[in-house]
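To be precise, the following lines are coords_12.cif, and they hold mmCIF, C-alpha atoms.
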```
data_query
loop_
_atom_site.label_atom_id
_atom_site.label_comp_id
_atom_site.auth_asym_id
_atom_site.auth_seq_id
_atom_site.Cartn_x
_atom_site.Cartn_y
_atom_site.Cartn_z
CA MET A 1 125.06 -20.01 106.35
CA ASN A 2 121.96 -18.39 104.85
CA VAL A 3 118.84 -20.48 104.79
CA VAL A 4 116.01 -19.53 102.45
CA LYS A 5 112.74 -19.99 104.18
CA GLN A 6 110.12 -21.39 101.84
CA THR A 7 106.75 -19.98 102.60
CA PRO A 8 103.54 -20.97 100.85
CA ARG A 9 103.77 -17.71 98.91
CA THR A 10 107.33 -18.57 97.69
CA LEU A 11 106.17 -22.03 96.60
CA LEU A 12 103.17 -20.54 94.80
CA THR A 13 105.43 -18.06 92.96
CA MET A 14 107.73 -20.91 91.89
CA LEU A 15 104.78 -23.00 90.68
CA VAL A 16 103.32 -20.08 88.68
CA ALA A 17 106.74 -19.43 87.09
CA ALA A 18 107.17 -23.13 86.21
CA ALA A 19 103.64 -23.33 84.74
CA THR A 20 104.24 -20.19 82.67
CA LEU A 21 107.51 -21.59 81.32
CA TRP A 22 105.80 -24.89 80.49
CA MET A 23 102.99 -23.12 78.60
CA VAL A 24 105.41 -20.97 76.58
CA ALA A 25 107.60 -23.97 75.72
CA GLY A 26 104.53 -26.07 74.86
CA ALA A 27 103.14 -23.38 72.54
CA ALA A 28 106.43 -23.20 70.62
CA ALA A 29 106.42 -26.97 70.15
CA THR A 30 103.10 -27.03 68.25
CA PRO A 31 103.92 -27.97 64.63
CA VAL A 32 102.91 -25.55 61.86
CA THR A 33 102.03 -26.99 58.44
CA HIS A 34 101.83 -25.63 54.89
CA ARG A 35 100.43 -27.49 51.89
CA TYR A 36 102.23 -27.23 48.56
CA ASP A 37 101.38 -28.34 45.01
CA LEU A 38 103.92 -27.64 42.26
CA GLN A 39 103.72 -28.58 38.59
CA THR A 40 106.03 -27.69 35.74
CA PRO A 41 104.50 -26.64 32.40
CA LYS A 42 103.08 -29.48 30.31
CA ASN A 43 104.76 -30.29 27.00
CA GLY A 44 107.09 -27.33 27.23
CA ASP A 45 104.16 -24.89 26.90
CA GLY A 46 106.28 -22.75 24.61
CA VAL A 47 109.16 -22.56 27.08
CA VAL A 48 112.50 -22.39 25.28
CA GLY A 49 114.45 -25.51 26.22
CA GLY A 50 111.39 -26.94 27.96
CA ALA A 51 110.86 -30.66 28.40
CA ASP A 52 108.12 -32.52 26.52
CA GLY A 53 106.70 -34.01 29.71
CA SER A 54 106.04 -32.39 33.05
CA ALA A 55 106.66 -32.96 36.75
CA ARG A 56 104.50 -32.62 39.84
CA ALA A 57 105.27 -32.54 43.55
CA HIS A 58 102.62 -32.07 46.24
CA GLY A 59 102.33 -32.62 49.96
CA VAL A 60 102.88 -30.97 53.33
CA LEU A 61 105.75 -29.02 54.82
CA THR A 62 105.81 -29.07 58.64
CA TRP A 63 107.81 -26.70 60.86
CA TYR A 64 108.70 -28.25 64.24
CA GLY A 65 110.79 -25.35 65.54
CA PRO A 66 113.45 -22.81 64.52
CA ARG A 67 115.85 -25.56 63.43
CA ASN A 68 113.65 -28.43 62.25
CA VAL A 69 111.37 -28.90 59.23
CA HIS A 70 109.97 -31.95 57.42
CA VAL A 71 108.86 -32.05 53.79
CA ALA A 72 106.54 -34.94 52.89
CA GLY A 73 104.54 -35.78 49.81
CA ARG A 74 104.75 -37.32 46.36
CA ILE A 75 106.86 -36.48 43.34
CA ASP A 76 106.02 -37.64 39.83
CA ASP A 77 107.93 -37.48 36.54
CA ARG A 78 105.10 -37.32 34.01
CA CYS A 79 105.53 -38.58 30.49
CA PRO A 80 105.89 -38.67 27.47
CA LYS A 81 109.38 -40.03 27.87
CA ASP A 82 111.60 -37.00 27.28
CA GLY A 83 114.84 -37.93 29.04
CA TYR A 84 114.13 -35.62 31.99
CA SER A 85 113.59 -36.60 35.62
CA ALA A 86 111.66 -34.77 38.34
CA VAL A 87 113.73 -33.27 41.16
CA LEU A 88 112.47 -31.42 44.26
CA TRP A 89 114.93 -29.05 45.94
CA VAL A 90 114.60 -27.28 49.29
CA ARG A 91 116.32 -23.88 49.28
CA PHE A 92 117.05 -22.64 52.81
CA THR A 93 117.81 -19.13 54.05
CA TYR A 94 119.33 -19.03 57.54
CA THR A 95 119.12 -16.32 60.21
CA ASN A 96 122.73 -15.28 59.51
CA GLY A 97 121.87 -14.61 55.83
CA THR A 98 123.56 -17.67 54.32
CA LYS A 99 121.70 -19.87 51.84
CA GLU A 100 121.87 -23.56 51.08
CA SER A 101 120.02 -26.06 48.86
CA TRP A 102 119.29 -29.72 49.51
CA MET A 103 117.63 -32.28 47.27
CA ALA A 104 114.47 -33.60 48.92
CA LYS A 105 113.57 -36.24 46.31
CA TYR A 106 114.32 -37.45 42.78
CA ASP A 107 112.03 -39.42 40.44
CA GLY A 108 113.73 -40.76 37.33
CA ARG A 109 111.89 -44.08 37.03
CA GLY A 110 110.55 -43.56 33.54
CA CYS A 111 107.17 -43.78 31.83
CA GLU A 112 106.08 -47.22 32.95
CA TYR A 113 105.27 -45.84 36.41
CA THR A 114 102.06 -43.83 36.65
CA VAL A 115 101.95 -43.08 40.39
CA GLY A 116 104.28 -40.61 42.07
CA VAL A 117 106.96 -41.62 44.54
CA PRO A 118 106.11 -40.95 48.21
CA PHE A 119 108.83 -39.32 50.31
CA LEU A 120 109.64 -37.78 53.67
CA ALA A 121 112.69 -35.52 53.96
CA LYS A 122 113.70 -34.36 57.45
CA PHE A 123 116.00 -31.35 57.85
CA THR A 124 117.57 -30.28 61.13
CA ARG A 125 120.02 -27.41 61.49
CA LEU A 126 121.70 -26.77 64.84
CA THR A 127 123.12 -23.36 63.99
CA PRO A 128 122.20 -20.99 62.47
CA ARG A 129 118.43 -21.27 62.67
CA ILE A 130 116.28 -21.62 59.55
CA ARG A 131 114.70 -18.25 58.65
CA SER A 132 112.74 -19.40 55.57
CA LEU A 133 112.73 -21.82 52.69
CA SER A 134 111.28 -22.34 49.24
CA LEU A 135 110.56 -25.56 47.38
CA CYS A 136 111.63 -25.82 43.74
CA LEU A 137 110.51 -28.53 41.36
CA LEU A 138 112.45 -28.96 38.14
CA GLU A 139 112.95 -31.34 35.30
CA HIS A 140 116.58 -32.43 35.03
CA ASP A 141 118.40 -34.28 32.25
CA VAL A 142 121.02 -36.44 33.97
CA GLU A 143 122.88 -37.35 30.77
CA LEU A 144 123.20 -33.77 29.54
CA ALA A 145 123.48 -32.35 33.08
CA ARG A 146 121.00 -29.58 32.36
CA ASP A 147 117.68 -28.39 33.72
CA ALA A 148 114.55 -27.64 31.75
CA ASP A 149 111.32 -26.35 33.27
CA GLN A 150 111.30 -25.14 36.88
CA VAL A 151 108.66 -23.83 39.30
CA CYS A 152 109.13 -22.67 42.93
CA THR A 153 106.93 -21.82 45.88
CA LYS A 154 107.03 -18.34 47.34
CA ARG A 155 109.27 -17.95 50.36
CA LEU A 156 107.84 -19.77 53.36
CA ASP A 157 108.92 -18.06 56.60
CA ASN A 158 109.69 -20.14 59.65
CA PRO A 159 107.03 -19.25 62.25
CA PHE A 160 109.48 -20.08 65.07
CA THR A 161 112.22 -17.56 64.16
#
```
Output the structure of this file as structure tokens.
Amino acid sequence: MNVVKQTPRTLLTMLVAAATLWMVAGAAATPVTHRYDLQTPKNGDGVVGGADGSARAHGVLTWYGPRNVHVAGRIDDRCPKDGYSAVLWVRFTYTNGTKESWMAKYDGRGCEYTVGVPFLAKFTRLTPRIRSLSLCLLEHDVELARDADQVCTKRLDNPFT
């Protein structure tokens, strides 16, 4: 039977290795945030098929790692009443090249509400990892099942992948 003799030098090497691993893991766990503020054109602004009102979404996107991101903020369907609702989509691109979209929040409350709806959407993907995402705000007519004005952020790369 082989016995490994632990000398002070061996223990010191193990402690340095453990401390290094802890620092690297701790650095990767520091959240990274991005602010966003999206607004569709007001009153159509000459856009063909544009809605009479507008929509706004603003807040913070926080990366917690290669597989985890939270989108928080407020979304507001601005009037005049035009039959459209405000919808915020998150469009993901994964490390294997596939893409996917998820609705983060919907505001179709109507004109009597003047303050946006607060929300927090948490997204976790086990595999593959999230490479990047973009946020897209659009005005959507539920009855006619069609979209009007739309605005998106530039691609936001995941700092952990």
TODO: Spell out the residues picked by the PyMOL selection byres ((chain A and resi 59) around 8) here, as a list of chain:residue names.
DONE: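 In the shown coordinates, the PyMOL selection byres ((chain A and resi 59) around 8) covers A:Arg35, A:Tyr36, A:Asp37, A:Ala57, A:His58, A:Val60, A:Leu61, A:Val71, A:Ala72, A:Gly73, A:Arg74.
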Open item on the list: Expand the PyMOL selection byres ((chain A and resi 97) around 12) into the explicit residue set it covers here, and present it as number ranges by chain.
Closed with: A: 92-96, 98-100, 128-132
- [ ] Rounded to one decimal place, report the CA of Val32 (chain A)-CA of Val151 (chain A) distance in Å.
- [x]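 According to the coordinates, CA of Val32 (chain A) and CA of Val151 (chain A) are separated by 23.3 Å.
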Write out as lines of an AutoDock Vina configuration file an axis-aligned box for region 148-152 of chain A: all of its atoms listed in the file, 8 Å added on each side, centre and edge lengths in Å with one decimal.
```
center_x = 111.6
center_y = -25.2
center_z = 37.3
size_x = 21.9
size_y = 21.0
size_z = 27.2
```
Task: Selection result of the PyMOL selection byres ((chain A and resi 120-124) around 8) on this file, as a VMD selection string - done: chain A and resid 67 to 73 104 to 105 118 to 119 125 to 126
Open item on the list: Just the number, please: distance in Å from CA of Lys42 (chain A) to CA of Tyr84 (chain A), one decimal.
Closed with: 12.8 Å
- [ ] Find the distance between CA of Gly83 (chain A) and CA of Leu135 (chain A) and write it in Å to one decimal.
- [x]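 One can read the CA of Gly83 (chain A) to CA of Leu135 (chain A) distance as 22.5 Å.
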Task: Contacts of Tyr106 (chain A) within 12 Å, all atoms listed in the file, excl. fewer than 6 positions in-chain, as a PyMOL selection string - done: chain A and resi 55-57+74-77+84-89+116-121+136-142
As a PDB file, in the coordinates of the input, could you write out region 110-130 of chain A once it has been completed with N, CA and C atoms?
```pdb
ATOM      1  N   GLY A 110     110.998 -43.329  34.907  1.00  0.00           N
ATOM      2  CA  GLY A 110     110.550 -43.560  33.540  1.00  0.00           C
ATOM      3  C   GLY A 110     109.052 -43.626  33.406  1.00  0.00           C
ATOM      4  N   CYS A 111     108.593 -43.880  32.177  1.00  0.00           N
ATOM      5  CA  CYS A 111     107.170 -43.780  31.830  1.00  0.00           C
ATOM      6  C   CYS A 111     106.306 -44.943  32.280  1.00  0.00           C
ATOM      7  N   GLU A 112     106.909 -46.066  32.600  1.00  0.00           N
ATOM      8  CA  GLU A 112     106.080 -47.220  32.950  1.00  0.00           C
ATOM      9  C   GLU A 112     105.422 -47.064  34.323  1.00  0.00           C
ATOM     10  N   TYR A 113     105.850 -46.085  35.102  1.00  0.00           N
ATOM     11  CA  TYR A 113     105.270 -45.840  36.410  1.00  0.00           C
ATOM     12  C   TYR A 113     104.298 -44.665  36.318  1.00  0.00           C
ATOM     13  N   THR A 114     103.067 -44.882  36.786  1.00  0.00           N
ATOM     14  CA  THR A 114     102.060 -43.830  36.650  1.00  0.00           C
ATOM     15  C   THR A 114     101.718 -43.146  37.970  1.00  0.00           C
ATOM     16  N   VAL A 115     102.237 -43.666  39.074  1.00  0.00           N
ATOM     17  CA  VAL A 115     101.950 -43.080  40.390  1.00  0.00           C
ATOM     18  C   VAL A 115     103.231 -42.456  40.920  1.00  0.00           C
ATOM     19  N   GLY A 116     103.110 -41.295  41.523  1.00  0.00           N
ATOM     20  CA  GLY A 116     104.280 -40.610  42.070  1.00  0.00           C
ATOM     21  C   GLY A 116     104.950 -41.387  43.197  1.00  0.00           C
ATOM     22  N   VAL A 117     106.172 -40.993  43.489  1.00  0.00           N
ATOM     23  CA  VAL A 117     106.960 -41.620  44.540  1.00  0.00           C
ATOM     24  C   VAL A 117     106.708 -40.895  45.856  1.00  0.00           C
ATOM     25  N   PRO A 118     106.291 -41.611  46.912  1.00  0.00           N
ATOM     26  CA  PRO A 118     106.110 -40.950  48.210  1.00  0.00           C
ATOM     27  C   PRO A 118     107.476 -40.675  48.845  1.00  0.00           C
ATOM     28  N   PHE A 119     107.558 -39.613  49.642  1.00  0.00           N
ATOM     29  CA  PHE A 119     108.830 -39.320  50.310  1.00  0.00           C
ATOM     30  C   PHE A 119     108.585 -38.530  51.588  1.00  0.00           C
ATOM     31  N   LEU A 120     109.575 -38.592  52.458  1.00  0.00           N
ATOM     32  CA  LEU A 120     109.640 -37.780  53.670  1.00  0.00           C
ATOM     33  C   LEU A 120     111.086 -37.350  53.826  1.00  0.00           C
ATOM     34  N   ALA A 121     111.342 -36.056  53.785  1.00  0.00           N
ATOM     35  CA  ALA A 121     112.690 -35.520  53.960  1.00  0.00           C
ATOM     36  C   ALA A 121     112.701 -34.700  55.243  1.00  0.00           C
ATOM     37  N   LYS A 122     113.603 -35.047  56.170  1.00  0.00           N
ATOM     38  CA  LYS A 122     113.700 -34.360  57.450  1.00  0.00           C
ATOM     39  C   LYS A 122     114.976 -33.526  57.460  1.00  0.00           C
ATOM     40  N   PHE A 123     114.851 -32.255  57.811  1.00  0.00           N
ATOM     41  CA  PHE A 123     116.000 -31.350  57.850  1.00  0.00           C
ATOM     42  C   PHE A 123     116.113 -30.749  59.256  1.00  0.00           C
ATOM     43  N   THR A 124     117.294 -30.867  59.827  1.00  0.00           N
ATOM     44  CA  THR A 124     117.570 -30.280  61.130  1.00  0.00           C
ATOM     45  C   THR A 124     118.861 -29.494  61.034  1.00  0.00           C
ATOM     46  N   ARG A 125     118.844 -28.291  61.520  1.00  0.00           N
ATOM     47  CA  ARG A 125     120.020 -27.410  61.490  1.00  0.00           C
ATOM     48  C   ARG A 125     120.254 -26.909  62.904  1.00  0.00           C
ATOM     49  N   LEU A 126     121.421 -27.206  63.479  1.00  0.00           N
ATOM     50  CA  LEU A 126     121.700 -26.770  64.840  1.00  0.00           C
ATOM     51  C   LEU A 126     121.976 -25.282  64.920  1.00  0.00           C
ATOM     52  N   THR A 127     122.826 -24.795  64.032  1.00  0.00           N
ATOM     53  CA  THR A 127     123.120 -23.360  63.990  1.00  0.00           C
ATOM     54  C   THR A 127     123.577 -23.010  62.593  1.00  0.00           C
ATOM     55  N   PRO A 128     123.206 -21.944  62.002  1.00  0.00           N
ATOM     56  CA  PRO A 128     122.200 -20.990  62.470  1.00  0.00           C
ATOM     57  C   PRO A 128     120.790 -21.546  62.272  1.00  0.00           C
ATOM     58  N   ARG A 129     119.815 -20.845  62.806  1.00  0.00           N
ATOM     59  CA  ARG A 129     118.430 -21.270  62.670  1.00  0.00           C
ATOM     60  C   ARG A 129     117.930 -21.030  61.244  1.00  0.00           C
ATOM     61  N   ILE A 130     116.877 -21.757  60.878  1.00  0.00           N
ATOM     62  CA  ILE A 130     116.280 -21.620  59.550  1.00  0.00           C
ATOM     63  C   ILE A 130     115.331 -20.416  59.567  1.00  0.00           C
TER      64      ILE A 130
END
```
